[in-house]
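Below is one structure; the comments refer to it alone.
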Amino acid sequence: MAKSAAKDVVGRFLTAIKTADGKTMMNLLAKDAAIVLPGSYKVPWSGRWEGHDSIAQCFRLVGEFLDIRGHDVKVMFGEGEHVFVLMYETTIARNTGRVLHQETAWFFRVRASKIVFWQAFEDTEQINWVWDDSARAWDDASRRVKSK
């Protein structure tokens with residue numbers, strides 16, 4: 001694969017996310033791809049998803065529960081099959097109406113013009129708070145206990 005080919009694949013994938021083009025997103029993933037999205041077990045899309053059917057389910061959950069307003073790429077760099085993206089994300093949780101603003105980093109591995117692995121490095125505390133009302137209550141109680 002040419003040195004910039006992996007970045008081109010990831011760039012097309014990110015554009016597909018931004019335009020909610022699920023067909024292109026799936027076409028850019030290898031059939032046996034794996035993705036890792038961090039977060040609490042209470043957050044429906046958190047976890048490891050493997051293979052097209054599983055990943056398609058993950059994307060359906062994300063679309064059902066999140067209104068993604070922006071993934072603004074700040075930096076994309078890579079070498080060979082490895083691509084790392086730093087971005088600023090704005091998302092609204094449909095169930096709580098809370099807005100998530102975060103800087104996030106995503107790592108991709110690309111082979112034969114297909115994404116074989118994608119892992120997000122995100123602020124899981126913010127994701128939990130945006131998603132789940134009890135996350136805030138737990139967080140406040142946790143701080144009180146730690147400060148004693």
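Labels for the structure tokens follow display order: chains A, B, ..., residues from 1 in each chain, ligands from 1.
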
Compile the contact shell of range 124-132 of chain A as JSON, numbers by chain: residues with an atom at most 7 Å away, counting only C-alpha atoms, same-chain residues fewer than 6 positions apart removed.
{"A": [38, 39, 40, 43, 93, 96, 98, 99, 100]}

Kindly export the residues of the current selection with N, CA and C atoms, as a JSON list (two decimals), in the first residue's frame.
[["chain", "number", "residue", "atom", "x", "y", "z"],
["A", 38, "PRO", "N", -14.51, 2.82, 23.80],
["A", 38, "PRO", "CA", -14.47, 2.74, 25.26],
["A", 38, "PRO", "C", -15.74, 3.27, 25.90],
["A", 39, "GLY", "N", -15.96, 2.88, 27.14],
["A", 39, "GLY", "CA", -17.09, 3.41, 27.89],
["A", 39, "GLY", "C", -17.66, 2.38, 28.84],
["A", 40, "SER", "N", -18.61, 2.83, 29.60],
["A", 40, "SER", "CA", -19.28, 1.98, 30.58],
["A", 40, "SER", "C", -20.11, 0.90, 29.87],
["A", 43, "VAL", "N", -23.43, 2.03, 28.42],
["A", 43, "VAL", "CA", -23.50, 2.76, 27.16],
["A", 43, "VAL", "C", -23.60, 1.72, 26.04],
["A", 93, "ALA", "N", -26.60, 13.57, 23.01],
["A", 93, "ALA", "CA", -27.25, 12.31, 23.36],
["A", 93, "ALA", "C", -28.76, 12.51, 23.24],
["A", 96, "THR", "N", -30.82, 12.11, 26.72],
["A", 96, "THR", "CA", -30.71, 13.11, 27.80],
["A", 96, "THR", "C", -30.69, 14.54, 27.29],
["A", 98, "ARG", "N", -28.07, 16.04, 26.51],
["A", 98, "ARG", "CA", -26.79, 16.61, 26.90],
["A", 98, "ARG", "C", -25.83, 16.65, 25.71],
["A", 99, "VAL", "N", -24.97, 17.66, 25.72],
["A", 99, "VAL", "CA", -24.04, 17.87, 24.63],
["A", 99, "VAL", "C", -22.64, 17.46, 25.07],
["A", 100, "LEU", "N", -22.01, 16.68, 24.24],
["A", 100, "LEU", "CA", -20.64, 16.24, 24.47],
["A", 100, "LEU", "C", -19.72, 17.07, 23.59]]

Tell me, as a VMD selection string, which residues lie within 10 Å of Leu37 in chain A, counting only C-alpha atoms; anything in the same chain fewer than 3 positions away does not count.
chain A and resid 40 45 to 49 58 106 118 to 122 124

Based on the backbone DSSP call, show me all residues of chain A assigned strand (DSSP E), as an MDAnalysis selection string.
chainID A and resid 29:37 47:50 66:79 82:93 99:111 114:121

Those same residues - C-alpha atoms - I'd like them written as a CSV table (one decimal), in the first residue's frame.
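Done, and the output landed in selection-v5.csv:
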chain,number,residue,atom,x,y,z
A,29,LEU,CA,-14.2,-1.9,6.6
A,30,ALA,CA,-12.8,-5.3,6.0
A,31,LYS,CA,-15.3,-8.1,6.5
A,32,ASP,CA,-13.4,-9.2,9.7
A,33,ALA,CA,-12.7,-5.7,11.0
A,34,ALA,CA,-12.7,-5.0,14.7
A,35,ILE,CA,-13.5,-1.7,16.4
A,36,VAL,CA,-13.1,-0.8,20.1
A,37,LEU,CA,-15.2,2.0,21.6
A,47,GLY,CA,-17.1,-2.4,23.7
A,48,ARG,CA,-15.4,-4.4,21.1
A,49,TRP,CA,-17.3,-5.1,17.8
A,50,GLU,CA,-16.0,-7.7,15.3
A,66,LEU,CA,-26.5,10.0,19.2
A,67,ASP,CA,-26.9,13.1,17.1
A,68,ILE,CA,-23.3,13.7,15.9
A,69,ARG,CA,-22.9,17.3,15.1
A,70,GLY,CA,-19.2,17.4,14.2
A,71,HIS,CA,-16.0,15.5,13.9
A,72,ASP,CA,-13.5,18.2,13.0
A,73,VAL,CA,-10.2,16.7,12.2
A,74,LYS,CA,-7.3,18.6,13.6
A,75,VAL,CA,-4.4,16.3,12.7
A,76,MET,CA,-4.1,13.1,10.7
A,77,PHE,CA,-0.7,11.3,10.5
A,78,GLY,CA,0.5,7.9,9.8
A,79,GLU,CA,3.0,5.6,8.3
A,82,HIS,CA,-1.1,2.9,10.8
A,83,VAL,CA,-3.1,6.1,10.9
A,84,PHE,CA,-3.8,8.3,13.9
A,85,VAL,CA,-6.4,11.1,13.9
A,86,LEU,CA,-6.9,13.9,16.5
A,87,MET,CA,-10.3,15.6,16.3
A,88,TYR,CA,-12.8,17.7,18.1
A,89,GLU,CA,-16.2,16.1,18.5
A,90,THR,CA,-19.6,17.6,19.2
A,91,THR,CA,-22.4,15.2,19.9
A,92,ILE,CA,-25.9,15.3,21.5
A,93,ALA,CA,-27.3,12.3,23.4
A,99,VAL,CA,-24.0,17.9,24.6
A,100,LEU,CA,-20.6,16.2,24.5
A,101,HIS,CA,-17.7,18.4,23.5
A,102,GLN,CA,-14.4,16.5,23.5
A,103,GLU,CA,-11.0,16.2,21.9
A,104,THR,CA,-10.6,12.6,20.9
A,105,ALA,CA,-8.0,10.4,19.2
A,106,TRP,CA,-8.7,7.5,16.9
A,107,PHE,CA,-6.2,4.9,15.8
A,108,PHE,CA,-6.8,2.9,12.5
A,109,ARG,CA,-5.0,0.0,10.9
A,110,VAL,CA,-5.6,-0.3,7.1
A,111,ARG,CA,-4.7,-3.2,4.9
A,114,LYS,CA,-9.8,-1.6,4.0
A,115,ILE,CA,-9.9,-0.6,7.7
A,116,VAL,CA,-9.1,-3.8,9.7
A,117,PHE,CA,-9.0,-2.1,13.1
A,118,TRP,CA,-10.3,1.1,14.7
A,119,GLN,CA,-9.9,2.1,18.3
A,120,ALA,CA,-11.2,5.3,19.8
A,121,PHE,CA,-9.4,7.0,22.7

Mind pulling up the distance from CA of Asp123 in chain A to CA of Asn27 in chain A?
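Going from CA of Asn27 in chain A over to CA of Asp123 in chain A, I get 28.1 Å.
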
Enumerate, as a PyMOL selection string, the complete set of residues in range 48-139 of chain A that a backbone-based DSSP assignment places in helix (DSSP H, G or I).
chain A and resi 52-65+124-131+133-139

What does the distance from CA of Phe65 in chain A to CA of Thr15 in chain A come to in Å, to one decimal?
20.1 Å

Can you measure CA of Gly11 in chain A to CA of Tyr41 in chain A for me? One decimal in Å is fine.
29.5 Å

Can you tell me, as a PyMOL selection string, what residues are no more than 9 Å from Phe59 in chain A when counting only C-alpha atoms, ignoring any on the same chain fewer than 5 positions away?
chain A and resi 22+45+54+64
